[in-house]
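Q: You'll find protein08.pdb just under this line, and it carries PDB, C-alpha atoms, pLDDT in the B column.
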```pdb
MODEL        1
ATOM      1  CA  VAL A  28      -0.179   6.617  -5.823  1.00 83.00           C
ATOM      2  CA  GLN A  29      -3.008   5.387  -8.021  1.00 90.00           C
ATOM      3  CA  LEU A  30      -5.810   3.353  -6.517  1.00 94.00           C
ATOM      4  CA  GLN A  31      -8.079   0.991  -8.451  1.00 94.00           C
ATOM      5  CA  ALA A  32     -11.210  -0.254  -6.719  1.00 96.00           C
ATOM      6  CA  SER A  33     -13.045  -3.315  -7.976  1.00 97.00           C
ATOM      7  CA  GLY A  34     -15.422  -6.038  -6.881  1.00 98.00           C
ATOM      8  CA  GLY A  35     -18.697  -4.175  -6.798  1.00 97.00           C
ATOM      9  CA  GLY A  36     -21.872  -5.533  -8.283  1.00 97.00           C
ATOM     10  CA  LEU A  37     -25.511  -6.401  -7.776  1.00 98.00           C
ATOM     11  CA  VAL A  38     -26.362  -8.755  -4.921  1.00 98.00           C
ATOM     12  CA  GLN A  39     -29.474  -9.737  -3.029  1.00 98.00           C
ATOM     13  CA  ALA A  40     -29.953  -8.778   0.597  1.00 98.00           C
ATOM     14  CA  GLY A  41     -28.059 -11.168   2.815  1.00 98.00           C
ATOM     15  CA  GLY A  42     -25.437 -11.808   0.180  1.00 98.00           C
ATOM     16  CA  SER A  43     -21.725 -11.054   0.160  1.00 98.00           C
ATOM     17  CA  LEU A  44     -19.205  -9.157  -1.918  1.00 98.00           C
ATOM     18  CA  ARG A  45     -15.494  -8.583  -1.568  1.00 98.00           C
ATOM     19  CA  LEU A  46     -14.094  -5.286  -2.723  1.00 98.00           C
ATOM     20  CA  SER A  47     -10.443  -4.894  -3.653  1.00 98.00           C
ATOM     21  CA  CYS A  48      -8.324  -1.778  -3.858  1.00 96.00           C
ATOM     22  CA  ALA A  49      -5.120  -2.268  -5.774  1.00 93.00           C
ATOM     23  CA  GLU A  50      -2.369   0.316  -5.787  1.00 87.00           C
ATOM     24  CA  SER A  51      -0.165   0.913  -8.771  1.00 82.00           C
ATOM     25  CA  GLY A  52       2.968   2.927  -8.331  1.00 69.00           C
ATOM     26  CA  ARG A  53       4.541   3.114  -4.965  1.00 65.00           C
ATOM     27  CA  SER A  54       4.059   0.503  -2.295  1.00 64.00           C
ATOM     28  CA  THR A  55       1.036   1.005  -0.079  1.00 57.00           C
ATOM     29  CA  SER A  56       2.733  -0.633   2.866  1.00 69.00           C
ATOM     30  CA  THR A  57       3.431   2.773   4.399  1.00 83.00           C
ATOM     31  CA  TYR A  58      -0.116   4.071   3.850  1.00 90.00           C
ATOM     32  CA  SER A  59      -3.139   3.633   6.013  1.00 94.00           C
ATOM     33  CA  MET A  60      -6.126   2.737   3.866  1.00 95.00           C
ATOM     34  CA  ALA A  61      -9.847   3.252   4.098  1.00 97.00           C
ATOM     35  CA  TRP A  62     -13.145   2.618   2.401  1.00 98.00           C
ATOM     36  CA  PHE A  63     -15.801   5.285   2.094  1.00 98.00           C
ATOM     37  CA  ARG A  64     -19.168   5.066   0.406  1.00 98.00           C
ATOM     38  CA  GLN A  65     -21.612   7.478  -1.128  1.00 98.00           C
ATOM     39  CA  PRO A  66     -25.249   6.378  -1.195  1.00 97.00           C
ATOM     40  CA  PRO A  67     -27.532   7.915  -3.829  1.00 94.00           C
ATOM     41  CA  GLY A  68     -28.288  11.522  -2.968  1.00 96.00           C
ATOM     42  CA  LYS A  69     -26.129  11.502   0.152  1.00 97.00           C
ATOM     43  CA  GLU A  70     -22.689  12.660   1.168  1.00 96.00           C
ATOM     44  CA  ARG A  71     -19.640  10.432   1.263  1.00 96.00           C
ATOM     45  CA  GLN A  72     -19.512   8.359   4.462  1.00 97.00           C
ATOM     46  CA  PHE A  73     -16.707   6.583   6.275  1.00 98.00           C
ATOM     47  CA  VAL A  74     -16.994   2.785   6.236  1.00 98.00           C
ATOM     48  CA  SER A  75     -13.747   1.273   7.468  1.00 98.00           C
ATOM     49  CA  ALA A  76     -10.018   1.887   7.793  1.00 97.00           C
ATOM     50  CA  ILE A  77      -6.876  -0.105   8.460  1.00 96.00           C
ATOM     51  CA  THR A  78      -3.564   1.284   9.607  1.00 94.00           C
ATOM     52  CA  TRP A  79      -0.425   1.000   7.516  1.00 91.00           C
ATOM     53  CA  ASN A  80       0.820  -1.984   9.540  1.00 89.00           C
ATOM     54  CA  GLY A  81      -2.553  -3.730   9.730  1.00 91.00           C
ATOM     55  CA  VAL A  82      -2.585  -3.572  13.510  1.00 93.00           C
ATOM     56  CA  ASN A  83      -5.625  -1.355  13.949  1.00 94.00           C
ATOM     57  CA  THR A  84      -8.951  -1.388  12.154  1.00 97.00           C
ATOM     58  CA  TYR A  85     -11.915   0.944  12.388  1.00 97.00           C
ATOM     59  CA  TYR A  86     -15.539   0.557  11.345  1.00 97.00           C
ATOM     60  CA  THR A  87     -18.599   2.703  11.281  1.00 97.00           C
ATOM     61  CA  ASP A  88     -21.268   1.315  13.606  1.00 97.00           C
ATOM     62  CA  SER A  89     -23.651   0.246  10.850  1.00 97.00           C
ATOM     63  CA  VAL A  90     -21.181  -2.262   9.363  1.00 98.00           C
ATOM     64  CA  LYS A  91     -19.598  -3.676  12.511  1.00 98.00           C
ATOM     65  CA  GLY A  92     -19.925  -7.445  12.574  1.00 97.00           C
ATOM     66  CA  ARG A  93     -20.752  -7.565   8.835  1.00 98.00           C
ATOM     67  CA  PHE A  94     -17.741  -6.002   7.088  1.00 98.00           C
ATOM     68  CA  THR A  95     -14.076  -6.907   7.491  1.00 98.00           C
ATOM     69  CA  ILE A  96     -11.173  -4.850   6.215  1.00 98.00           C
ATOM     70  CA  SER A  97      -7.806  -6.457   5.561  1.00 97.00           C
ATOM     71  CA  ARG A  98      -4.650  -5.835   3.596  1.00 95.00           C
ATOM     72  CA  ASP A  99      -1.961  -7.742   1.783  1.00 92.00           C
ATOM     73  CA  ASN A 100       1.038  -5.458   1.541  1.00 87.00           C
ATOM     74  CA  ALA A 101       2.906  -7.940  -0.631  1.00 87.00           C
ATOM     75  CA  LYS A 102       0.184  -7.458  -3.242  1.00 90.00           C
ATOM     76  CA  ASN A 103      -0.364  -3.751  -2.513  1.00 90.00           C
ATOM     77  CA  THR A 104      -4.029  -4.529  -2.071  1.00 93.00           C
ATOM     78  CA  VAL A 105      -6.663  -3.761   0.541  1.00 96.00           C
ATOM     79  CA  TYR A 106      -9.876  -5.722   0.790  1.00 97.00           C
ATOM     80  CA  LEU A 107     -13.326  -5.126   2.195  1.00 98.00           C
ATOM     81  CA  GLN A 108     -15.268  -8.313   2.810  1.00 98.00           C
ATOM     82  CA  MET A 109     -18.941  -7.442   3.043  1.00 98.00           C
ATOM     83  CA  ASP A 110     -21.329 -10.030   4.419  1.00 98.00           C
ATOM     84  CA  ASN A 111     -25.036  -9.942   5.218  1.00 98.00           C
ATOM     85  CA  LEU A 112     -25.478  -6.997   2.875  1.00 98.00           C
ATOM     86  CA  LYS A 113     -28.526  -4.809   3.258  1.00 98.00           C
ATOM     87  CA  PRO A 114     -30.313  -2.518   0.788  1.00 97.00           C
ATOM     88  CA  ASP A 115     -29.009   0.449   2.840  1.00 97.00           C
ATOM     89  CA  ASP A 116     -25.485  -0.582   1.853  1.00 98.00           C
ATOM     90  CA  THR A 117     -26.222   0.426  -1.742  1.00 98.00           C
ATOM     91  CA  ALA A 118     -23.621   3.039  -2.678  1.00 98.00           C
ATOM     92  CA  ILE A 119     -20.539   3.808  -4.680  1.00 98.00           C
ATOM     93  CA  PHE A 120     -17.602   2.570  -2.631  1.00 98.00           C
ATOM     94  CA  TYR A 121     -14.285   4.406  -2.746  1.00 98.00           C
ATOM     95  CA  CYS A 122     -10.904   3.407  -1.405  1.00 97.00           C
ATOM     96  CA  ALA A 123      -8.494   5.986  -0.085  1.00 97.00           C
ATOM     97  CA  ALA A 124      -4.930   6.181   1.202  1.00 95.00           C
ATOM     98  CA  THR A 125      -3.174   8.434   3.649  1.00 94.00           C
ATOM     99  CA  ARG A 126       0.398   8.898   4.771  1.00 90.00           C
ATOM    100  CA  ALA A 127      -0.810  10.388   8.045  1.00 85.00           C
ATOM    101  CA  ARG A 128      -0.369   8.430  11.253  1.00 84.00           C
ATOM    102  CA  PRO A 129      -2.543  10.227  13.764  1.00 84.00           C
ATOM    103  CA  SER A 130      -2.293   9.207  17.373  1.00 83.00           C
ATOM    104  CA  ASP A 131      -6.057   9.626  17.664  1.00 86.00           C
ATOM    105  CA  GLY A 132      -7.745   6.862  15.683  1.00 86.00           C
ATOM    106  CA  SER A 133     -10.876   8.933  15.193  1.00 87.00           C
ATOM    107  CA  HIS A 134      -8.974  10.974  12.606  1.00 92.00           C
ATOM    108  CA  TYR A 135      -9.201   8.046  10.190  1.00 93.00           C
ATOM    109  CA  TYR A 136     -12.931   8.659   9.941  1.00 94.00           C
ATOM    110  CA  ARG A 137     -12.358  12.013   8.262  1.00 94.00           C
ATOM    111  CA  PRO A 138     -12.144  12.127   4.434  1.00 94.00           C
ATOM    112  CA  THR A 139      -9.826  15.133   4.670  1.00 94.00           C
ATOM    113  CA  VAL A 140      -7.109  12.898   6.134  1.00 94.00           C
ATOM    114  CA  TYR A 141      -6.739  10.985   2.883  1.00 95.00           C
ATOM    115  CA  ASN A 142      -4.340  12.085   0.170  1.00 92.00           C
ATOM    116  CA  PHE A 143      -5.332   9.653  -2.574  1.00 94.00           C
ATOM    117  CA  TRP A 144      -8.649   8.283  -3.809  1.00 96.00           C
ATOM    118  CA  GLY A 145      -9.719   5.529  -6.169  1.00 94.00           C
ATOM    119  CA  GLN A 146     -12.422   5.915  -8.800  1.00 93.00           C
ATOM    120  CA  GLY A 147     -15.209   4.054  -6.995  1.00 94.00           C
ATOM    121  CA  THR A 148     -17.068   0.802  -7.527  1.00 97.00           C
ATOM    122  CA  GLN A 149     -20.852   0.469  -7.442  1.00 98.00           C
ATOM    123  CA  VAL A 150     -22.486  -1.834  -4.914  1.00 98.00           C
ATOM    124  CA  THR A 151     -26.212  -2.433  -5.303  1.00 98.00           C
ATOM    125  CA  VAL A 152     -28.140  -4.550  -2.824  1.00 98.00           C
ATOM    126  CA  SER A 153     -31.647  -5.575  -3.798  1.00 97.00           C
ATOM    127  CA  SER A 154     -34.332  -6.405  -1.273  1.00 94.00           C
TER     128      SER A 154
ENDMDL
END
```
Could you write out this file's structure as structure tokens?
A:
Amino acid sequence: VQLQASGGGLVQAGGSLRLSCAESGRSTSTYSMAWFRQPPGKERQFVSAITWNGVNTYYTDSVKGRFTISRDNAKNTVYLQMDNLKPDDTAIFYCAATRARPSDGSHYYRPTVYNFWGQGTQVTVSS
């Protein structure tokens, strides 16, 4: 599974961006997908995840109500719609995929759950 993240860029505070994560190779329809981010000088952080069937979604508290994760399995693509962006959202955003299907949803917050990672796309939010 190869993941290609795109859609990053420079935006003013309050603006929006939509990130895409396209998979080339095998179908992602059996993978749960997630977005992580790494702000400058900080460790990689969980942002959001969506289960393989799209039924369940998860968000870190700081993006709830502003970010929306979705997927289109026919296009093997996962999206992260980011609205009302803040300077603190500045980071490299990574998409990730896992074949795991944990019964405890909190496991999706852990980077170690994910088997495959994309290369990252830079998001910069100016104040």
Q: Take CA of Thr148 in chain A and CA of Leu37 in chain A and report the distance between them in Å, one decimal.
A: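 Between CA of Thr148 in chain A and CA of Leu37 in chain A the gap is 11.1 Å.
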Q: Smallest atom-to-atom distance to Phe94 in chain A: which of A:Leu30, A:Leu46, A:Ala124, A:Val82, using only C-alpha atoms?
A: A:Leu46
Q: Run through the PyMOL selection byres ((chain A and resi 120) around 7) on the given coordinates and return the selected residues as a list of chain:residue names.
A: A:Trp62, A:Phe63, A:Arg64, A:Gln65, A:Ala118, A:Ile119, A:Tyr121, A:Cys122, A:Gly147, A:Thr148, A:Gln149, A:Val150
Q: Write out, as a PDB file, keeping the file's coordinate frame, the residues just selected, with C-alpha atoms.
A:
```pdb
ATOM      1  CA  TRP A  62     -13.145   2.618   2.401  1.00 98.00           C
ATOM      2  CA  PHE A  63     -15.801   5.285   2.094  1.00 98.00           C
ATOM      3  CA  ARG A  64     -19.168   5.066   0.406  1.00 98.00           C
ATOM      4  CA  GLN A  65     -21.612   7.478  -1.128  1.00 98.00           C
ATOM      5  CA  ALA A 118     -23.621   3.039  -2.678  1.00 98.00           C
ATOM      6  CA  ILE A 119     -20.539   3.808  -4.680  1.00 98.00           C
ATOM      7  CA  TYR A 121     -14.285   4.406  -2.746  1.00 98.00           C
ATOM      8  CA  CYS A 122     -10.904   3.407  -1.405  1.00 97.00           C
ATOM      9  CA  GLY A 147     -15.209   4.054  -6.995  1.00 94.00           C
ATOM     10  CA  THR A 148     -17.068   0.802  -7.527  1.00 97.00           C
ATOM     11  CA  GLN A 149     -20.852   0.469  -7.442  1.00 98.00           C
ATOM     12  CA  VAL A 150     -22.486  -1.834  -4.914  1.00 98.00           C
TER      13      VAL A 150
END
```
Q: Between A:Lys113, A:Tyr106, A:Gly34, A:Ser59, which has the minimum distance to Val140 in chain A (counting all atoms listed in the file)?
A: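 Closest to Val140 in chain A of all the choices is A:Ser59.
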Q: Go ahead and compute the interatomic distance for CA of Gln108 in chain A and CA of Gln31 in chain A, in Å to one decimal.
A: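 Rounded to one decimal, the two atoms are 16.3 Å apart.
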Q: Grab all the atoms of range 134-144 of chain A that the file lists, wrap them in a box along x, y and z, add 5 Å per side, and give me centre plus edge lengths in Å (one decimal) as JSON.
A:
```
{"center_x": -8.6, "center_y": 11.6, "center_z": 4.4, "size_x": 18.6, "size_y": 17.1, "size_z": 26.4}
```
Q: Can you translate the PyMOL selection byres ((chain A and resi 78) around 9) into the concrete residues it hits in this file, as an MDAnalysis selection string?
A: chainID A and resid 57:61 76:77 79:85 128 135
